[in-house]
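Content type mmCIF, C-alpha atoms, from the file structure-v5.cif:
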```cif
data_target
loop_
_atom_site.group_PDB
_atom_site.id
_atom_site.type_symbol
_atom_site.label_atom_id
_atom_site.label_comp_id
_atom_site.auth_asym_id
_atom_site.auth_seq_id
_atom_site.Cartn_x
_atom_site.Cartn_y
_atom_site.Cartn_z
ATOM 1 C CA MET A 590 106.845 104.198 119.062
ATOM 2 C CA THR A 591 104.194 106.232 117.251
ATOM 3 C CA ARG A 592 100.928 107.577 118.657
ATOM 4 C CA SER A 593 98.082 108.576 116.358
ATOM 5 C CA ASP A 594 94.398 109.335 116.364
ATOM 6 C CA ALA A 595 94.009 106.771 113.601
ATOM 7 C CA VAL A 596 96.102 103.955 112.223
ATOM 8 C CA ILE A 597 95.286 102.808 108.704
ATOM 9 C CA VAL A 598 96.444 99.357 107.684
ATOM 10 C CA GLY A 599 96.703 99.222 103.919
ATOM 11 C CA ALA A 600 97.772 101.892 101.456
ATOM 12 C CA GLY A 601 95.667 101.311 98.380
ATOM 13 C CA ALA A 602 92.890 103.579 97.165
ATOM 14 C CA ALA A 603 90.730 103.055 100.262
ATOM 15 C CA GLY A 604 93.491 103.515 102.813
ATOM 16 C CA LEU A 605 95.102 106.518 101.160
ATOM 17 C CA SER A 606 91.768 108.261 100.569
ATOM 18 C CA ALA A 607 90.881 107.781 104.220
ATOM 19 C CA GLY A 608 94.264 109.074 105.302
ATOM 20 C CA LEU A 609 93.884 112.173 103.150
ATOM 21 C CA VAL A 610 90.502 113.084 104.636
ATOM 22 C CA LEU A 611 91.665 112.472 108.214
ATOM 23 C CA ALA A 612 94.926 114.369 107.803
ATOM 24 C CA ARG A 613 93.108 117.362 106.320
ATOM 25 C CA ALA A 614 90.727 117.249 109.294
ATOM 26 C CA GLN A 615 93.739 117.682 111.608
ATOM 27 C CA SER A 616 93.659 114.141 112.973
ATOM 28 C CA SER A 617 97.044 112.507 113.408
ATOM 29 C CA VAL A 618 97.312 109.590 110.986
ATOM 30 C CA THR A 619 99.715 106.690 110.560
ATOM 31 C CA VAL A 620 99.423 104.521 107.451
ATOM 32 C CA ILE A 621 101.003 101.068 107.409
ATOM 33 C CA ASP A 622 102.008 100.298 103.832
ATOM 34 C CA ALA A 623 102.991 96.689 103.113
ATOM 35 C CA GLY A 624 103.216 97.351 99.360
ATOM 36 C CA GLY A 625 101.983 95.031 96.627
ATOM 37 C CA PRO A 626 98.594 96.496 95.650
ATOM 38 C CA ARG A 627 96.219 94.070 93.959
ATOM 39 C CA ASN A 628 96.391 95.833 90.600
ATOM 40 C CA ALA A 629 100.186 96.169 90.560
ATOM 41 C CA PRO A 630 100.630 93.731 87.615
ATOM 42 C CA ALA A 631 98.469 95.919 85.368
ATOM 43 C CA ALA A 632 100.122 98.558 83.195
ATOM 44 C CA GLU A 633 97.171 100.912 83.589
ATOM 45 C CA MET A 634 94.076 101.378 85.733
ATOM 46 C CA HIS A 635 90.815 102.714 84.356
ATOM 47 C CA GLY A 636 87.474 104.145 85.395
ATOM 48 C CA PHE A 637 88.897 106.703 87.839
ATOM 49 C CA ILE A 638 87.876 110.163 86.687
ATOM 50 C CA SER A 639 90.902 112.386 85.902
ATOM 51 C CA ARG A 640 93.253 109.420 86.364
ATOM 52 C CA ASP A 641 92.068 107.090 83.604
ATOM 53 C CA GLY A 642 95.005 105.137 82.197
ATOM 54 C CA ILE A 643 97.440 105.947 84.987
ATOM 55 C CA PRO A 644 99.851 103.163 86.049
ATOM 56 C CA PRO A 645 98.640 101.780 89.414
ATOM 57 C CA LEU A 646 101.959 102.285 91.195
ATOM 58 C CA GLU A 647 102.159 105.895 89.996
ATOM 59 C CA PHE A 648 98.646 106.463 91.343
ATOM 60 C CA ILE A 649 99.705 105.070 94.725
ATOM 61 C CA GLU A 650 102.825 107.239 94.865
ATOM 62 C CA LEU A 651 100.789 110.366 94.088
ATOM 63 C CA GLY A 652 98.481 109.459 96.956
ATOM 64 C CA ARG A 653 101.356 108.919 99.365
ATOM 65 C CA ASN A 654 102.805 112.318 98.520
ATOM 66 C CA GLU A 655 99.458 114.033 99.056
ATOM 67 C CA LEU A 656 99.183 112.496 102.528
ATOM 68 C CA ARG A 657 102.711 113.511 103.449
ATOM 69 C CA GLY A 658 101.845 117.061 102.424
ATOM 70 C CA TYR A 659 99.249 117.156 105.205
ATOM 71 C CA GLY A 660 101.520 115.650 107.839
ATOM 72 C CA ALA A 661 100.426 112.011 107.723
ATOM 73 C CA SER A 662 103.026 109.378 108.525
ATOM 74 C CA ILE A 663 103.541 106.426 106.178
ATOM 75 C CA ILE A 664 105.439 103.412 107.484
ATOM 76 C CA PHE A 665 106.567 100.762 105.018
ATOM 77 C CA ASP A 666 106.092 97.631 107.087
ATOM 78 C CA THR A 667 103.753 94.720 107.748
ATOM 79 C CA VAL A 668 101.448 94.283 110.728
ATOM 80 C CA GLN A 669 102.388 91.341 112.904
ATOM 81 C CA ARG A 670 99.655 91.650 115.532
ATOM 82 C CA VAL A 671 97.068 94.031 116.932
ATOM 83 C CA ASP A 672 96.040 94.289 120.587
ATOM 84 C CA PHE A 673 93.223 96.298 122.116
ATOM 85 C CA GLY A 674 94.021 97.538 125.617
ATOM 86 C CA SER A 675 91.874 98.366 128.611
ATOM 87 C CA ASP A 676 92.542 102.038 127.870
ATOM 88 C CA ARG A 677 90.697 101.521 124.558
ATOM 89 C CA THR A 678 93.903 102.022 122.585
ATOM 90 C CA PHE A 679 95.020 99.837 119.711
ATOM 91 C CA THR A 680 98.593 98.590 119.872
ATOM 92 C CA VAL A 681 99.888 97.627 116.444
ATOM 93 C CA THR A 682 103.114 95.630 116.420
ATOM 94 C CA LEU A 683 104.996 95.614 113.137
ATOM 95 C CA GLU A 684 107.366 93.010 111.733
ATOM 96 C CA SER A 685 110.252 95.425 112.173
ATOM 97 C CA GLY A 686 109.540 95.522 115.904
ATOM 98 C CA ALA A 687 108.146 99.049 115.790
ATOM 99 C CA THR A 688 104.909 99.815 117.616
ATOM 100 C CA VAL A 689 102.050 102.114 116.702
ATOM 101 C CA TYR A 690 99.422 103.199 119.236
ATOM 102 C CA ALA A 691 96.131 104.566 117.955
ATOM 103 C CA ARG A 692 92.656 105.480 119.166
ATOM 104 C CA THR A 693 90.972 104.101 116.053
ATOM 105 C CA MET A 694 91.812 101.683 113.269
ATOM 106 C CA LEU A 695 90.842 101.396 109.617
ATOM 107 C CA VAL A 696 91.640 98.108 107.893
ATOM 108 C CA ALA A 697 92.001 98.550 104.137
ATOM 109 C CA THR A 698 94.114 95.508 103.333
ATOM 110 C CA GLY A 699 92.293 94.536 100.146
ATOM 111 C CA LEU A 700 92.116 90.990 98.860
ATOM 112 C CA THR A 701 94.223 88.363 97.148
ATOM 113 C CA ASP A 702 93.152 86.940 93.798
ATOM 114 C CA GLN A 703 93.423 83.159 93.973
ATOM 115 C CA LEU A 704 94.107 82.192 90.382
ATOM 116 C CA PRO A 705 93.072 78.845 88.922
ATOM 117 C CA PRO A 706 96.005 76.426 88.468
ATOM 118 C CA ILE A 707 96.574 77.005 84.759
ATOM 119 C CA ALA A 708 100.151 76.960 83.481
ATOM 120 C CA GLY A 709 101.275 80.338 82.209
ATOM 121 C CA LEU A 710 98.478 82.284 83.893
ATOM 122 C CA SER A 711 100.387 84.016 86.672
ATOM 123 C CA GLU A 712 103.016 85.294 84.210
ATOM 124 C CA ARG A 713 100.320 86.958 82.101
ATOM 125 C CA TRP A 714 97.985 88.084 84.865
ATOM 126 C CA GLY A 715 97.066 91.749 84.597
ATOM 127 C CA THR A 716 98.701 92.186 81.196
ATOM 128 C CA LEU A 717 97.253 89.630 78.770
ATOM 129 C CA VAL A 718 94.828 87.847 81.085
ATOM 130 C CA HIS A 719 92.303 89.900 83.056
ATOM 131 C CA HIS A 720 89.193 89.445 85.160
ATOM 132 C CA CYS A 721 87.252 92.725 84.954
ATOM 133 C CA PRO A 722 85.667 93.820 81.650
ATOM 134 C CA TYR A 723 84.966 97.244 83.130
ATOM 135 C CA CYS A 724 88.651 97.673 83.957
ATOM 136 C CA HIS A 725 90.209 96.286 80.779
ATOM 137 C CA GLY A 726 87.449 95.570 78.263
ATOM 138 C CA TYR A 727 88.017 98.709 76.219
ATOM 139 C CA GLU A 728 91.690 97.845 75.805
ATOM 140 C CA VAL A 729 90.758 94.614 73.981
ATOM 141 C CA LEU A 730 88.233 96.281 71.690
ATOM 142 C CA ASN A 731 87.581 94.194 68.558
ATOM 143 C CA LYS A 732 90.172 91.602 69.560
ATOM 144 C CA ASN A 733 89.834 87.827 69.678
ATOM 145 C CA ILE A 734 88.884 87.095 73.301
ATOM 146 C CA VAL A 735 88.614 83.854 75.264
ATOM 147 C CA VAL A 736 86.750 83.649 78.570
ATOM 148 C CA ILE A 737 87.761 80.713 80.753
ATOM 149 C CA GLY A 738 85.044 79.166 82.884
ATOM 150 C CA SER A 739 85.502 79.314 86.646
ATOM 151 C CA PRO A 740 83.717 77.660 89.600
ATOM 152 C CA THR A 741 81.537 80.761 89.800
ATOM 153 C CA LYS A 742 79.515 79.949 86.699
ATOM 154 C CA GLU A 743 77.387 83.069 86.855
ATOM 155 C CA MET A 744 80.495 85.244 86.804
ATOM 156 C CA SER A 745 81.884 83.465 83.742
ATOM 157 C CA ILE A 746 78.608 83.904 81.864
ATOM 158 C CA LYS A 747 78.487 87.576 82.823
ATOM 159 C CA GLN A 748 82.103 88.090 81.747
ATOM 160 C CA ALA A 749 81.402 86.587 78.339
ATOM 161 C CA GLY A 750 78.238 88.637 77.922
ATOM 162 C CA LEU A 751 79.935 91.901 78.867
ATOM 163 C CA LEU A 752 82.904 91.252 76.596
ATOM 164 C CA ARG A 753 80.554 90.665 73.672
ATOM 165 C CA ARG A 754 79.964 94.429 73.805
ATOM 166 C CA TYR A 755 83.621 94.962 72.939
ATOM 167 C CA SER A 756 84.146 92.306 70.302
ATOM 168 C CA ASP A 757 82.242 89.977 67.994
ATOM 169 C CA ARG A 758 84.931 87.337 68.518
ATOM 170 C CA VAL A 759 84.303 86.022 72.019
ATOM 171 C CA SER A 760 84.575 82.377 73.071
ATOM 172 C CA LEU A 761 83.740 80.777 76.403
ATOM 173 C CA VAL A 762 85.746 77.667 77.261
ATOM 174 C CA THR A 763 83.691 75.791 79.849
ATOM 175 C CA ASN A 764 86.750 74.470 81.736
ATOM 176 C CA GLY A 765 84.591 72.141 83.814
ATOM 177 C CA VAL A 766 81.622 74.491 84.146
ATOM 178 C CA ASP A 767 78.379 72.626 83.501
ATOM 179 C CA LEU A 768 76.201 74.940 81.430
ATOM 180 C CA THR A 769 72.509 74.208 81.177
ATOM 181 C CA HIS A 770 70.956 73.837 77.730
ATOM 182 C CA ASP A 771 69.268 77.224 78.048
ATOM 183 C CA GLU A 772 72.489 78.917 79.190
ATOM 184 C CA ARG A 773 74.407 77.560 76.232
ATOM 185 C CA ILE A 774 71.707 78.500 73.733
ATOM 186 C CA GLY A 775 71.518 81.961 75.261
ATOM 187 C CA LEU A 776 75.265 82.511 74.930
ATOM 188 C CA GLU A 777 75.397 81.221 71.372
ATOM 189 C CA THR A 778 72.393 83.304 70.363
ATOM 190 C CA PHE A 779 74.216 86.311 71.793
ATOM 191 C CA GLY A 780 77.117 85.585 69.451
ATOM 192 C CA ILE A 781 79.422 83.832 71.897
ATOM 193 C CA GLN A 782 81.088 80.596 70.831
ATOM 194 C CA VAL A 783 80.898 77.933 73.541
ATOM 195 C CA VAL A 784 83.787 75.460 73.633
ATOM 196 C CA VAL A 785 83.455 72.418 75.886
ATOM 197 C CA GLY A 786 86.866 71.506 77.221
ATOM 198 C CA VAL A 787 89.385 71.887 80.021
ATOM 199 C CA VAL A 788 92.203 74.412 79.755
ATOM 200 C CA SER A 789 95.716 73.007 79.979
ATOM 201 C CA HIS A 790 97.884 76.098 79.577
ATOM 202 C CA PHE A 791 98.366 79.439 77.914
ATOM 203 C CA ALA A 792 100.353 79.136 74.703
ATOM 204 C CA GLY A 793 103.056 81.507 73.528
ATOM 205 C CA LYS A 794 106.283 83.003 74.763
ATOM 206 C CA ILE A 795 106.251 84.857 78.061
ATOM 207 C CA GLY A 796 104.960 88.338 77.405
ATOM 208 C CA PHE A 797 102.835 87.131 74.514
ATOM 209 C CA LEU A 798 99.601 85.180 74.128
ATOM 210 C CA GLU A 799 99.184 82.848 71.197
ATOM 211 C CA GLY A 800 96.072 81.210 72.565
ATOM 212 C CA VAL A 801 94.518 78.890 75.119
ATOM 213 C CA ALA A 802 95.481 75.220 74.875
ATOM 214 C CA LEU A 803 93.018 72.534 75.961
ATOM 215 C CA GLU A 804 93.831 69.166 77.474
ATOM 216 C CA ASP A 805 92.766 67.413 74.252
ATOM 217 C CA GLY A 806 95.417 69.341 72.309
ATOM 218 C CA THR A 807 93.097 71.915 70.775
ATOM 219 C CA LEU A 808 94.526 75.429 70.550
ATOM 220 C CA ILE A 809 92.026 78.277 70.660
ATOM 221 C CA LYS A 810 93.819 81.307 69.323
ATOM 222 C CA CYS A 811 93.196 84.607 71.052
ATOM 223 C CA GLU A 812 94.715 88.001 71.749
ATOM 224 C CA ALA A 813 93.306 88.390 75.249
ATOM 225 C CA ALA A 814 91.776 86.166 77.897
ATOM 226 C CA PHE A 815 89.561 86.687 80.918
ATOM 227 C CA VAL A 816 89.031 84.475 83.944
ATOM 228 C CA ALA A 817 87.337 85.038 87.291
ATOM 229 C CA PRO A 818 89.719 84.316 90.187
ATOM 230 C CA ARG A 819 88.490 83.394 93.636
ATOM 231 C CA PRO A 820 88.752 86.501 95.840
ATOM 232 C CA ARG A 821 90.248 85.953 99.299
ATOM 233 C CA PRO A 822 89.853 89.001 101.554
ATOM 234 C CA ASN A 823 92.963 89.853 103.551
ATOM 235 C CA ASP A 824 90.882 90.127 106.711
ATOM 236 C CA GLN A 825 93.126 88.365 109.237
ATOM 237 C CA ILE A 826 93.393 91.491 111.389
ATOM 238 C CA LEU A 827 89.622 91.905 111.462
ATOM 239 C CA GLU A 828 89.212 88.252 112.391
ATOM 240 C CA ALA A 829 91.749 88.558 115.199
ATOM 241 C CA LEU A 830 89.868 91.554 116.589
ATOM 242 C CA GLY A 831 86.634 89.544 116.604
ATOM 243 C CA CYS A 832 84.743 91.481 113.943
ATOM 244 C CA GLN A 833 81.453 89.815 113.053
ATOM 245 C CA LYS A 834 81.166 88.104 109.677
ATOM 246 C CA ASN A 835 78.242 87.400 107.389
ATOM 247 C CA VAL A 836 77.541 83.669 107.691
ATOM 248 C CA THR A 837 76.558 83.447 104.031
ATOM 249 C CA THR A 838 79.282 85.454 102.291
ATOM 250 C CA GLY A 839 82.026 85.070 104.874
ATOM 251 C CA LEU A 840 82.741 88.796 104.607
ATOM 252 C CA VAL A 841 83.199 91.066 107.607
ATOM 253 C CA ILE A 842 79.996 93.005 108.240
ATOM 254 C CA VAL A 843 80.230 96.798 108.018
ATOM 255 C CA ASP A 844 77.691 99.587 107.961
ATOM 256 C CA GLY A 845 77.431 102.240 105.266
ATOM 257 C CA PHE A 846 80.494 104.002 106.664
ATOM 258 C CA GLY A 847 82.626 100.904 107.105
ATOM 259 C CA GLN A 848 82.191 100.512 110.855
ATOM 260 C CA THR A 849 82.539 96.925 112.045
ATOM 261 C CA SER A 850 80.942 95.258 115.054
ATOM 262 C CA VAL A 851 84.009 96.178 117.133
ATOM 263 C CA ALA A 852 84.050 99.707 118.536
ATOM 264 C CA GLY A 853 86.775 101.841 117.025
ATOM 265 C CA VAL A 854 87.400 99.537 114.062
ATOM 266 C CA TRP A 855 86.446 100.348 110.472
ATOM 267 C CA ALA A 856 87.094 98.494 107.220
ATOM 268 C CA ALA A 857 86.920 99.747 103.637
ATOM 269 C CA GLY A 858 87.678 98.647 100.107
ATOM 270 C CA ASN A 859 88.107 95.157 98.705
ATOM 271 C CA VAL A 860 88.663 93.587 102.125
ATOM 272 C CA VAL A 861 84.910 93.915 102.735
ATOM 273 C CA THR A 862 83.653 94.617 99.192
ATOM 274 C CA PRO A 863 85.468 92.305 96.747
ATOM 275 C CA THR A 864 83.711 93.796 93.706
ATOM 276 C CA ALA A 865 84.770 97.379 94.443
ATOM 277 C CA GLN A 866 86.763 99.116 91.724
ATOM 278 C CA VAL A 867 89.527 101.562 92.575
ATOM 279 C CA ILE A 868 87.224 104.569 92.535
ATOM 280 C CA THR A 869 84.636 102.735 94.642
ATOM 281 C CA ALA A 870 87.259 101.767 97.200
ATOM 282 C CA ALA A 871 88.472 105.358 97.355
ATOM 283 C CA GLY A 872 84.939 106.541 98.079
ATOM 284 C CA ALA A 873 84.517 103.936 100.804
ATOM 285 C CA GLY A 874 87.771 105.045 102.410
ATOM 286 C CA SER A 875 86.636 108.660 102.383
ATOM 287 C CA ALA A 876 83.300 107.740 103.990
ATOM 288 C CA SER A 877 85.063 105.732 106.698
ATOM 289 C CA ALA A 878 87.412 108.628 107.416
ATOM 290 C CA ILE A 879 84.504 111.001 107.975
ATOM 291 C CA ALA A 880 82.911 108.494 110.354
ATOM 292 C CA ILE A 881 86.198 107.991 112.200
ATOM 293 C CA ASN A 882 86.717 111.721 112.577
ATOM 294 C CA GLY A 883 83.191 112.077 113.937
ATOM 295 C CA TRP A 884 83.852 109.264 116.411
ATOM 296 C CA LEU A 885 87.073 110.916 117.569
ATOM 297 C CA LEU A 886 85.339 114.272 117.951
ATOM 298 C CA GLN A 887 82.493 112.798 119.989
ATOM 299 C CA ASN A 888 84.924 111.031 122.298
ATOM 300 C CA ASP A 889 86.878 114.252 122.804
ATOM 301 C CA LEU A 890 83.681 116.159 123.603
ATOM 302 C CA ASP A 891 82.540 113.474 126.031
ATOM 303 C CA ALA A 892 85.927 113.484 127.767
ATOM 304 C CA THR A 893 85.880 117.275 128.073
ATOM 305 C CA ILE A 894 82.407 117.250 129.612
ATOM 306 C CA ALA A 895 83.325 114.434 131.996
ATOM 307 C CA ALA A 896 86.441 116.294 133.139
ATOM 308 C CA ARG A 897 84.387 119.352 134.099
ATOM 309 C CA GLN A 898 81.848 117.431 136.153
#
```
Mind converting the file's structure to structure tokens?
Amino acid sequence: MTRSDAVIVGAGAAGLSAGLVLARAQSSVTVIDAGGPRNAPAAEMHGFISRDGIPPLEFIELGRNELRGYGASIIFDTVQRVDFGSDRTFTVTLESGATVYARTMLVATGLTDQLPPIAGLSERWGTLVHHCPYCHGYEVLNKNIVVIGSPTKEMSIKQAGLLRRYSDRVSLVTNGVDLTHDERIGLETFGIQVVVGVVSHFAGKIGFLEGVALEDGTLIKCEAAFVAPRPRPNDQILEALGCQKNVTTGLVIVDGFGQTSVAGVWAAGNVVTPTAQVITAAGAGSASAIAINGWLLQNDLDATIAARQ
């Protein structure tokens, strides 16, 4: 049994950044680390000042060690359930059977990329096939690039347009996306080849990419590919706690500091902001930690005043 001022579920950039701020502020912190960060398949992460090009798992381990240096506890386990008691304490039951009690909770569980059902995609995801030009566009500079259309047409068009900055050999395979006449003309005028067809599989030995094969047998040779997966927030804990969601986006609603509609519960990172990069998620975690620490302080002050009356 562990008792903490704050329990943080998720140990990516958001969760670890929050834990660092809270631990330095002398709040007791327990981080539940289930492993498997979203960017684990990638060899490098980019766009994080002073850490550009670092392997994602090395970045995570550095963060864990920094937290331990300030006395934070990291438990490698998975949350099974969360209960909120009449004493306003969160009871977190882990798969191992261990229990963590905390006054506040930050959920930083990220999201899961739901990949389109294309043969050979999962084996190349994060290495030869990517989704974020800002994260991996520079690494495919001047290469032959194929963008695969996804149900989110606007995202596919934006991907192709952004990648055109990195290479003059960019193709967009529609893959069932119905482009308007103006959209197609706009892409082609911008120097992007539009190929109407449905992707069958990625060609080449595992660890290599020869090209993208279409259902009609056409092979579009390329050295890198991009596709927009469907993001699925790992927000089951927030749902179970009754946190309010946006009826349009389906995302849990948070304020500028990550506070949800449930008192004592915050959320940060990709679980509530699917487009957040690593550095953005880290900033959100830091902001949430400051808000949590302020909440804890106010409750302590209120309790002290009440005890003297």
Inset, instruction - Find the spatial neighbours of Ile664 of chain A, counting only C-alpha atoms, within a cut-off of 10 Å - ignore same-chain residues fewer than 6 positions away - and output them as a list in words. - result: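 In the requested form, the answer reads Val598, Ala600, Thr619, Val620, Ile621, Asp622, Ala623, Leu683, Ala687 and Val689 of chain A.
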Inset, instruction - Using all atoms listed in the file, pick whichever of A:Ala856, A:Val867, A:Val785, A:Ile737 has the shortest atom-to-atom distance to Ile649 of chain A. - result: A:Val867
Step by step, gather every atom of segment 717-728 of chain A that the file lists, find the box along x, y and z that holds them, add 4 Å on each side, and finally give centre and edge lengths in Å to one decimal, as JSON.
```
{"center_x": 91.1, "center_y": 93.3, "center_z": 80.5, "size_x": 20.3, "size_y": 18.9, "size_z": 17.4}
```
Inset, instruction - Return the single residue from A:Leu830, A:Val801, A:Leu761, A:Leu840 that is closest to Gln782 of chain A, with distances computed using all atoms listed in the file. - result: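 Going through A:Leu830, A:Val801, A:Leu761, A:Leu840 one by one, the smallest distance to Gln782 of chain A is for A:Leu761.
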Inset, instruction - Could you state which residues are captured by the PyMOL selection byres ((chain A and resi 880-890) around 12) in this file, as an MDAnalysis selection string? - result: chainID A and resid 593:597 607:618 677 691:695 844:849 852:857 873:879 891:897
Enumerate, as a PDB file with C-alpha atoms, in the coordinates of the input, the residues matched when the PyMOL selection byres ((chain A and resi 680) around 8) is run on the file above.
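Contents of the output file part-v4.pdb:
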```
ATOM      1  CA  VAL A 671      97.068  94.031 116.932  1.00  0.00           C
ATOM      2  CA  ASP A 672      96.040  94.289 120.587  1.00  0.00           C
ATOM      3  CA  PHE A 673      93.223  96.298 122.116  1.00  0.00           C
ATOM      4  CA  GLY A 674      94.021  97.538 125.617  1.00  0.00           C
ATOM      5  CA  THR A 678      93.903 102.022 122.585  1.00  0.00           C
ATOM      6  CA  PHE A 679      95.020  99.837 119.711  1.00  0.00           C
ATOM      7  CA  VAL A 681      99.888  97.627 116.444  1.00  0.00           C
ATOM      8  CA  THR A 682     103.114  95.630 116.420  1.00  0.00           C
ATOM      9  CA  THR A 688     104.909  99.815 117.616  1.00  0.00           C
ATOM     10  CA  VAL A 689     102.050 102.114 116.702  1.00  0.00           C
ATOM     11  CA  TYR A 690      99.422 103.199 119.236  1.00  0.00           C
ATOM     12  CA  ALA A 691      96.131 104.566 117.955  1.00  0.00           C
TER      13      ALA A 691
END
```
Inset, instruction - Pick out the closest residue to Val783 of chain A from this set: A:Arg640, A:Gln669, A:Val841, A:Val762. Count all atoms listed in the file. - result: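 The answer is A:Val762, which sits nearest to Val783 of chain A.
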Inset, instruction - Please identify all polymer residues within 10 Å of Cys724 of chain A, counting all atoms listed in the file, omitting same-chain residues fewer than 4 positions from it, and present them as a ChimeraX atom specification. - result: /A:633-637,642,719-720,728,866-867
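Those residues returned by the PyMOL selection byres ((chain A and resi 712) around 12) for this file are Pro630, Ala631, Leu704, Ile707, Ala708, Gly709, Leu710, Ser711, Arg713, Trp714, Gly715, Thr716, Leu717, Val718, His719, His790, Phe791, Ala792, Gly793, Lys794, Ile795, Gly796, Phe797 and Leu798 of chain A.
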Inset, instruction - Could you give me, as a ChimeraX atom specification, the residues within 12 Å of Leu651 of chain A, counting only C-alpha atoms and dropping anything in the same chain fewer than 5 positions from it? - result: /A:600-602,605-606,609,640,643-646,656-658
Inset, instruction - Skip Asn764 of chain A itself and residues of its chain fewer than 3 positions away, then list as a ChimeraX atom specification all residues within 12 Å of it, counting only C-alpha atoms. - result: /A:705-707,735-742,745,760-761,767-768,783-790,801-805,816-817
